[in-house]
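Quick look at protein_17.cif (mmCIF, C-alpha atoms):
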data_start
loop_
_atom_site.group_PDB
_atom_site.id
_atom_site.type_symbol
_atom_site.label_atom_id
_atom_site.label_comp_id
_atom_site.auth_asym_id
_atom_site.auth_seq_id
_atom_site.Cartn_x
_atom_site.Cartn_y
_atom_site.Cartn_z
ATOM 1 C CA MET A 20 2.007 -4.293 1.485
ATOM 2 C CA ILE A 21 -0.792 -2.251 0.017
ATOM 3 C CA GLN A 22 -1.664 -3.545 -3.435
ATOM 4 C CA ALA A 23 -4.074 -0.818 -4.556
ATOM 5 C CA VAL A 24 -5.983 2.250 -3.458
ATOM 6 C CA MET A 25 -9.234 2.976 -5.247
ATOM 7 C CA VAL A 26 -11.937 5.574 -5.063
ATOM 8 C CA ILE A 27 -14.949 4.351 -7.008
ATOM 9 C CA SER A 28 -18.288 6.078 -7.403
ATOM 10 C CA THR A 29 -21.517 4.230 -6.726
ATOM 11 C CA GLN A 30 -22.101 4.446 -10.489
ATOM 12 C CA ALA A 31 -19.022 2.211 -11.055
ATOM 13 C CA LYS A 32 -16.807 5.042 -12.279
ATOM 14 C CA PRO A 33 -13.245 4.859 -10.960
ATOM 15 C CA ARG A 34 -12.228 8.272 -9.635
ATOM 16 C CA LEU A 35 -8.798 7.261 -8.341
ATOM 17 C CA LEU A 36 -6.826 4.130 -9.120
ATOM 18 C CA LYS A 37 -3.356 3.706 -7.694
ATOM 19 C CA PHE A 38 -1.684 0.304 -7.987
ATOM 20 C CA TYR A 39 1.463 -0.594 -6.115
ATOM 21 C CA ASN A 40 2.067 -4.015 -7.636
ATOM 22 C CA PHE A 41 3.441 -4.376 -11.117
ATOM 23 C CA GLN A 42 0.955 -6.448 -13.055
ATOM 24 C CA ALA A 43 -0.530 -6.152 -16.498
ATOM 25 C CA PRO A 44 -3.189 -3.455 -16.911
ATOM 26 C CA GLU A 45 -5.737 -6.176 -17.708
ATOM 27 C CA LYS A 46 -5.243 -7.566 -14.192
ATOM 28 C CA HIS A 47 -5.867 -4.098 -12.773
ATOM 29 C CA GLN A 48 -9.111 -3.782 -14.714
ATOM 30 C CA ASP A 49 -10.208 -7.206 -13.487
ATOM 31 C CA LEU A 50 -9.431 -6.190 -9.900
ATOM 32 C CA VAL A 51 -11.453 -2.975 -10.193
ATOM 33 C CA ARG A 52 -14.359 -4.877 -11.722
ATOM 34 C CA SER A 53 -14.346 -7.564 -9.047
ATOM 35 C CA VAL A 54 -14.002 -5.010 -6.229
ATOM 36 C CA PHE A 55 -16.976 -3.034 -7.478
ATOM 37 C CA GLN A 56 -19.053 -6.214 -7.828
ATOM 38 C CA LEU A 57 -18.273 -7.081 -4.212
ATOM 39 C CA LEU A 58 -19.091 -3.579 -3.012
ATOM 40 C CA SER A 59 -22.310 -3.204 -4.927
ATOM 41 C CA ALA A 60 -23.534 -6.624 -3.776
ATOM 42 C CA SER A 61 -22.997 -5.896 -0.087
ATOM 43 C CA PRO A 62 -25.782 -4.102 1.794
ATOM 44 C CA ASP A 63 -25.034 -0.865 3.644
ATOM 45 C CA SER A 64 -25.622 -2.539 7.003
ATOM 46 C CA VAL A 65 -22.578 -4.843 6.781
ATOM 47 C CA SER A 66 -19.051 -4.155 7.983
ATOM 48 C CA ASN A 67 -16.259 -2.535 6.023
ATOM 49 C CA PHE A 68 -14.357 -5.802 5.689
ATOM 50 C CA VAL A 69 -14.777 -8.237 2.818
ATOM 51 C CA LYS A 70 -14.301 -11.920 3.549
ATOM 52 C CA GLY A 71 -12.056 -13.917 1.257
ATOM 53 C CA THR A 72 -10.022 -10.919 0.131
ATOM 54 C CA LYS A 73 -7.736 -8.558 1.944
ATOM 55 C CA MET A 74 -9.740 -5.434 1.366
ATOM 56 C CA VAL A 75 -11.308 -2.723 3.505
ATOM 57 C CA TYR A 76 -13.538 0.076 2.364
ATOM 58 C CA LYS A 77 -15.499 3.049 3.541
ATOM 59 C CA HIS A 78 -18.698 4.144 1.827
ATOM 60 C CA LEU A 79 -19.292 7.881 2.058
ATOM 61 C CA ALA A 80 -22.005 9.640 0.043
ATOM 62 C CA THR A 81 -21.487 8.549 -3.570
ATOM 63 C CA LEU A 82 -17.963 7.173 -3.157
ATOM 64 C CA TYR A 83 -16.278 3.972 -2.035
ATOM 65 C CA PHE A 84 -12.756 4.421 -0.633
ATOM 66 C CA VAL A 85 -11.064 1.026 -1.016
ATOM 67 C CA PHE A 86 -7.675 -0.287 0.111
ATOM 68 C CA VAL A 87 -6.557 -3.710 -1.188
ATOM 69 C CA PHE A 88 -3.594 -5.255 0.617
ATOM 70 C CA ASP A 89 -1.770 -8.521 1.244
ATOM 71 C CA SER A 90 -1.550 -10.684 4.351
ATOM 72 C CA SER A 91 1.335 -8.691 5.834
ATOM 73 C CA GLU A 92 -1.019 -5.814 6.713
ATOM 74 C CA ASN A 93 -3.471 -5.624 9.594
ATOM 75 C CA GLU A 94 -7.128 -5.139 8.603
ATOM 76 C CA LEU A 95 -7.881 -2.717 11.442
ATOM 77 C CA ALA A 96 -4.795 -0.658 10.667
ATOM 78 C CA MET A 97 -5.885 -0.450 7.032
ATOM 79 C CA LEU A 98 -9.398 0.607 8.032
ATOM 80 C CA ASP A 99 -7.838 3.321 10.189
ATOM 81 C CA LEU A 100 -5.708 4.390 7.222
ATOM 82 C CA VAL A 101 -8.839 4.709 5.071
ATOM 83 C CA GLN A 102 -10.358 6.884 7.802
ATOM 84 C CA VAL A 103 -7.231 9.075 7.957
ATOM 85 C CA PHE A 104 -7.246 9.411 4.152
ATOM 86 C CA VAL A 105 -10.884 10.539 4.155
ATOM 87 C CA GLU A 106 -10.217 12.908 7.075
ATOM 88 C CA ILE A 107 -7.326 14.519 5.194
ATOM 89 C CA LEU A 108 -9.465 14.913 2.086
ATOM 90 C CA ASP A 109 -12.158 16.582 4.194
ATOM 91 C CA ARG A 110 -9.608 18.980 5.638
ATOM 92 C CA CYS A 111 -8.080 19.820 2.267
ATOM 93 C CA PHE A 112 -11.346 20.189 0.349
ATOM 94 C CA LYS A 113 -13.763 21.298 3.106
ATOM 95 C CA ASN A 114 -16.246 18.394 2.977
ATOM 96 C CA VAL A 115 -14.899 16.408 0.073
ATOM 97 C CA CYS A 116 -17.295 15.382 -2.676
ATOM 98 C CA GLU A 117 -16.972 13.513 -5.936
ATOM 99 C CA LEU A 118 -16.411 16.695 -7.950
ATOM 100 C CA ASP A 119 -13.468 17.671 -5.724
ATOM 101 C CA ILE A 120 -11.843 14.361 -6.558
ATOM 102 C CA VAL A 121 -12.568 14.640 -10.280
ATOM 103 C CA PHE A 122 -11.254 18.188 -10.676
ATOM 104 C CA ASN A 123 -8.353 18.007 -8.203
ATOM 105 C CA PHE A 124 -6.839 14.640 -9.021
ATOM 106 C CA ASN A 125 -3.288 16.033 -8.784
ATOM 107 C CA LYS A 126 -3.861 17.111 -5.196
ATOM 108 C CA LEU A 127 -5.470 13.749 -4.456
ATOM 109 C CA HIS A 128 -2.399 11.924 -5.744
ATOM 110 C CA THR A 129 -0.135 14.249 -3.754
ATOM 111 C CA ILE A 130 -2.042 13.448 -0.569
ATOM 112 C CA LEU A 131 -1.858 9.729 -1.270
ATOM 113 C CA ASP A 132 1.853 9.925 -2.105
ATOM 114 C CA GLU A 133 2.513 11.650 1.218
ATOM 115 C CA MET A 134 0.802 8.764 3.023
ATOM 116 C CA ILE A 135 1.911 5.717 1.008
ATOM 117 C CA LEU A 136 5.156 5.133 -0.861
ATOM 118 C CA GLY A 137 5.605 2.003 -2.938
ATOM 119 C CA GLY A 138 2.810 0.227 -1.095
ATOM 120 C CA GLN A 139 4.226 0.981 2.361
ATOM 121 C CA VAL A 140 2.593 3.374 4.799
ATOM 122 C CA ILE A 141 4.970 6.231 5.551
ATOM 123 C CA GLU A 142 2.743 8.766 7.334
ATOM 124 C CA THR A 143 -0.451 8.365 9.336
ATOM 125 C CA SER A 144 -0.681 11.775 10.980
ATOM 126 C CA SER A 145 -3.323 13.854 9.241
ATOM 127 C CA GLU A 146 -1.767 17.068 10.558
ATOM 128 C CA GLN A 147 1.620 16.202 9.062
ATOM 129 C CA VAL A 148 0.180 15.196 5.695
ATOM 130 C CA VAL A 149 -1.884 18.388 5.465
ATOM 131 C CA LYS A 150 1.215 20.400 6.385
ATOM 132 C CA TYR A 151 3.262 18.661 3.659
ATOM 133 C CA VAL A 152 0.541 19.159 1.041
ATOM 134 C CA GLU A 153 0.203 22.859 1.900
ATOM 135 C CA GLU A 154 3.971 23.250 1.621
ATOM 136 C CA ILE A 155 3.983 21.557 -1.794
ATOM 137 C CA GLU A 156 1.159 23.853 -2.963
ATOM 138 C CA ARG A 157 3.039 26.893 -1.689
ATOM 139 C CA LEU A 158 6.179 25.835 -3.570
ATOM 140 C CA GLU A 159 4.198 25.177 -6.744
ATOM 141 C CA LYS A 160 2.622 28.634 -6.593
ATOM 142 C CA GLN A 161 5.981 30.202 -5.896
ATOM 143 C CA SER A 162 7.612 28.423 -8.832
ATOM 144 C CA SER A 163 4.774 29.343 -11.193
ATOM 145 C CA THR A 164 5.266 33.033 -10.430
ATOM 146 C CA THR A 165 9.022 32.837 -10.933
ATOM 147 C CA SER A 166 10.023 34.146 -14.312
ATOM 148 C CA PHE A 167 12.911 32.701 -16.259
ATOM 149 C CA ILE A 168 13.219 35.832 -18.381
ATOM 150 C CA PRO A 169 15.696 38.387 -17.048
ATOM 151 C CA LYS A 170 14.116 41.464 -15.477
ATOM 152 C CA SER A 171 15.910 43.805 -17.902
ATOM 153 C CA ILE A 172 14.129 42.187 -20.863
ATOM 154 C CA THR A 173 10.687 42.158 -19.254
ATOM 155 C CA GLU A 174 10.992 45.854 -18.364
ATOM 156 C CA ARG A 175 11.383 46.730 -22.064
ATOM 157 C CA PHE A 176 8.039 45.156 -22.937
ATOM 158 C CA THR A 177 6.050 46.524 -20.006
ATOM 159 C CA ARG A 178 6.598 50.205 -20.875
#
Represent the structure from my file as structure tokens, please.
Amino acid sequence: MIQAVMVISTQAKPRLLKFYNFQAPEKHQDLVRSVFQLLSASPDSVSNFVKGTKMVYKHLATLYFVFVFDSSENELAMLDLVQVFVEILDRCFKNVCELDIVFNFNKLHTILDEMILGGQVIETSSEQVVKYVEEIERLEKQSSTTSFIPKSITERFTR
């Protein structure tokens, strides 16, 4: 089971934190702190696996994409999932950067929710996830243009 998904900047600012285990918030803060200490201590030339913990990460530009999981998950499968997540973000944001993540956190959570539900991977196809996210955006736009005021009333005020 996936325990947490994190996107952390190289300046130690969490940009996305999604926890799938139900622990106290203090435990979550400790986990984020310890993960960043591990990441910042490791040189860029080492692998994306961290010994002693079940964690994989990908370092791209100014961001670390981190998946923390338990022993029931395969490390290589999790590394592939990180790659798929980053690929989807690139497709949705056209070369994702830190500002895209900061200003579009709702879309980021939607993408993650289409991939992982309750700590279990439900979709690994980037094409399918992008299709689902585009459909959700289309429905949101459609619902925001729908008026709940009857047309007869709105016509009186537009004259």
| Residues matched by the PyMOL selection byres ((chain A and resi 140) around 12), written as a ChimeraX atom specification | /A:20-22,24,39,86,88,92-93,96-97,99-101,103-104,131-139,141-144
For the residues in the current selection, export C-alpha atoms as a compact mmCIF listing (two decimals), in the coordinates of the input.
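The resulting file, out03.txt, is shown below:
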# COMPACT_ATOMS: atom_id res chain seq x y z
CA MET A 20 2.01 -4.29 1.48
CA ILE A 21 -0.79 -2.25 0.02
CA GLN A 22 -1.66 -3.54 -3.44
CA VAL A 24 -5.98 2.25 -3.46
CA TYR A 39 1.46 -0.59 -6.12
CA PHE A 86 -7.68 -0.29 0.11
CA PHE A 88 -3.59 -5.26 0.62
CA GLU A 92 -1.02 -5.81 6.71
CA ASN A 93 -3.47 -5.62 9.59
CA ALA A 96 -4.80 -0.66 10.67
CA MET A 97 -5.88 -0.45 7.03
CA ASP A 99 -7.84 3.32 10.19
CA LEU A 100 -5.71 4.39 7.22
CA VAL A 101 -8.84 4.71 5.07
CA VAL A 103 -7.23 9.07 7.96
CA PHE A 104 -7.25 9.41 4.15
CA LEU A 131 -1.86 9.73 -1.27
CA ASP A 132 1.85 9.93 -2.10
CA GLU A 133 2.51 11.65 1.22
CA MET A 134 0.80 8.76 3.02
CA ILE A 135 1.91 5.72 1.01
CA LEU A 136 5.16 5.13 -0.86
CA GLY A 137 5.60 2.00 -2.94
CA GLY A 138 2.81 0.23 -1.10
CA GLN A 139 4.23 0.98 2.36
CA ILE A 141 4.97 6.23 5.55
CA GLU A 142 2.74 8.77 7.33
CA THR A 143 -0.45 8.36 9.34
CA SER A 144 -0.68 11.78 10.98
| request: Write out as a list in words the residues lying within 8 Å of stretch 121-130 of chain A, counting all atoms listed in the file and excluding same-chain residues fewer than 2 positions away. | output: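 That gives Arg34, Leu35, Ile107, Leu108, Glu117, Leu118, Asp119, Asp132, Glu133, Met134, Val148, Val149 and Val152 of chain A.
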| query | Leaving out A:Val85 and any residue of its chain fewer than 2 positions from it, which residues lie within 6 Å of it when counting only C-alpha atoms, given as a PyMOL selection string? | reply | chain A and resi 24-25+75-76
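Note that the spacing between atom CA of A:Val105 and atom CA of A:Leu158 amounts to 24.2 Å.
In this comparison, which uses only C-alpha atoms, the residue of A:Leu50, A:Phe84, A:Gln56, A:Glu45 approaching A:Ile27 most closely is A:Phe84.
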| Of the listed residues A:Ile155, A:Met74, A:Val26, A:Cys116, that which approaches A:Asp89 most closely, counting only C-alpha atoms |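 Comparing A:Ile155, A:Met74, A:Val26, A:Cys116 against A:Asp89, the winner is A:Met74.
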| request: Could you tell me how far atom CA of A:Leu95 lies from atom CA of A:Val54, in Å and to one decimal? | output: 18.8 Å
| note | In terms of all atoms listed in the file, the residue from A:Ala60, A:Leu98, A:Ile120, A:Val115 at minimal distance from A:Ala80 is A:Val115
| request: Provide the atom CA of A:Val51 to atom CA of A:Ala23 distance in Å, to one decimal place. | output: 9.5 Å
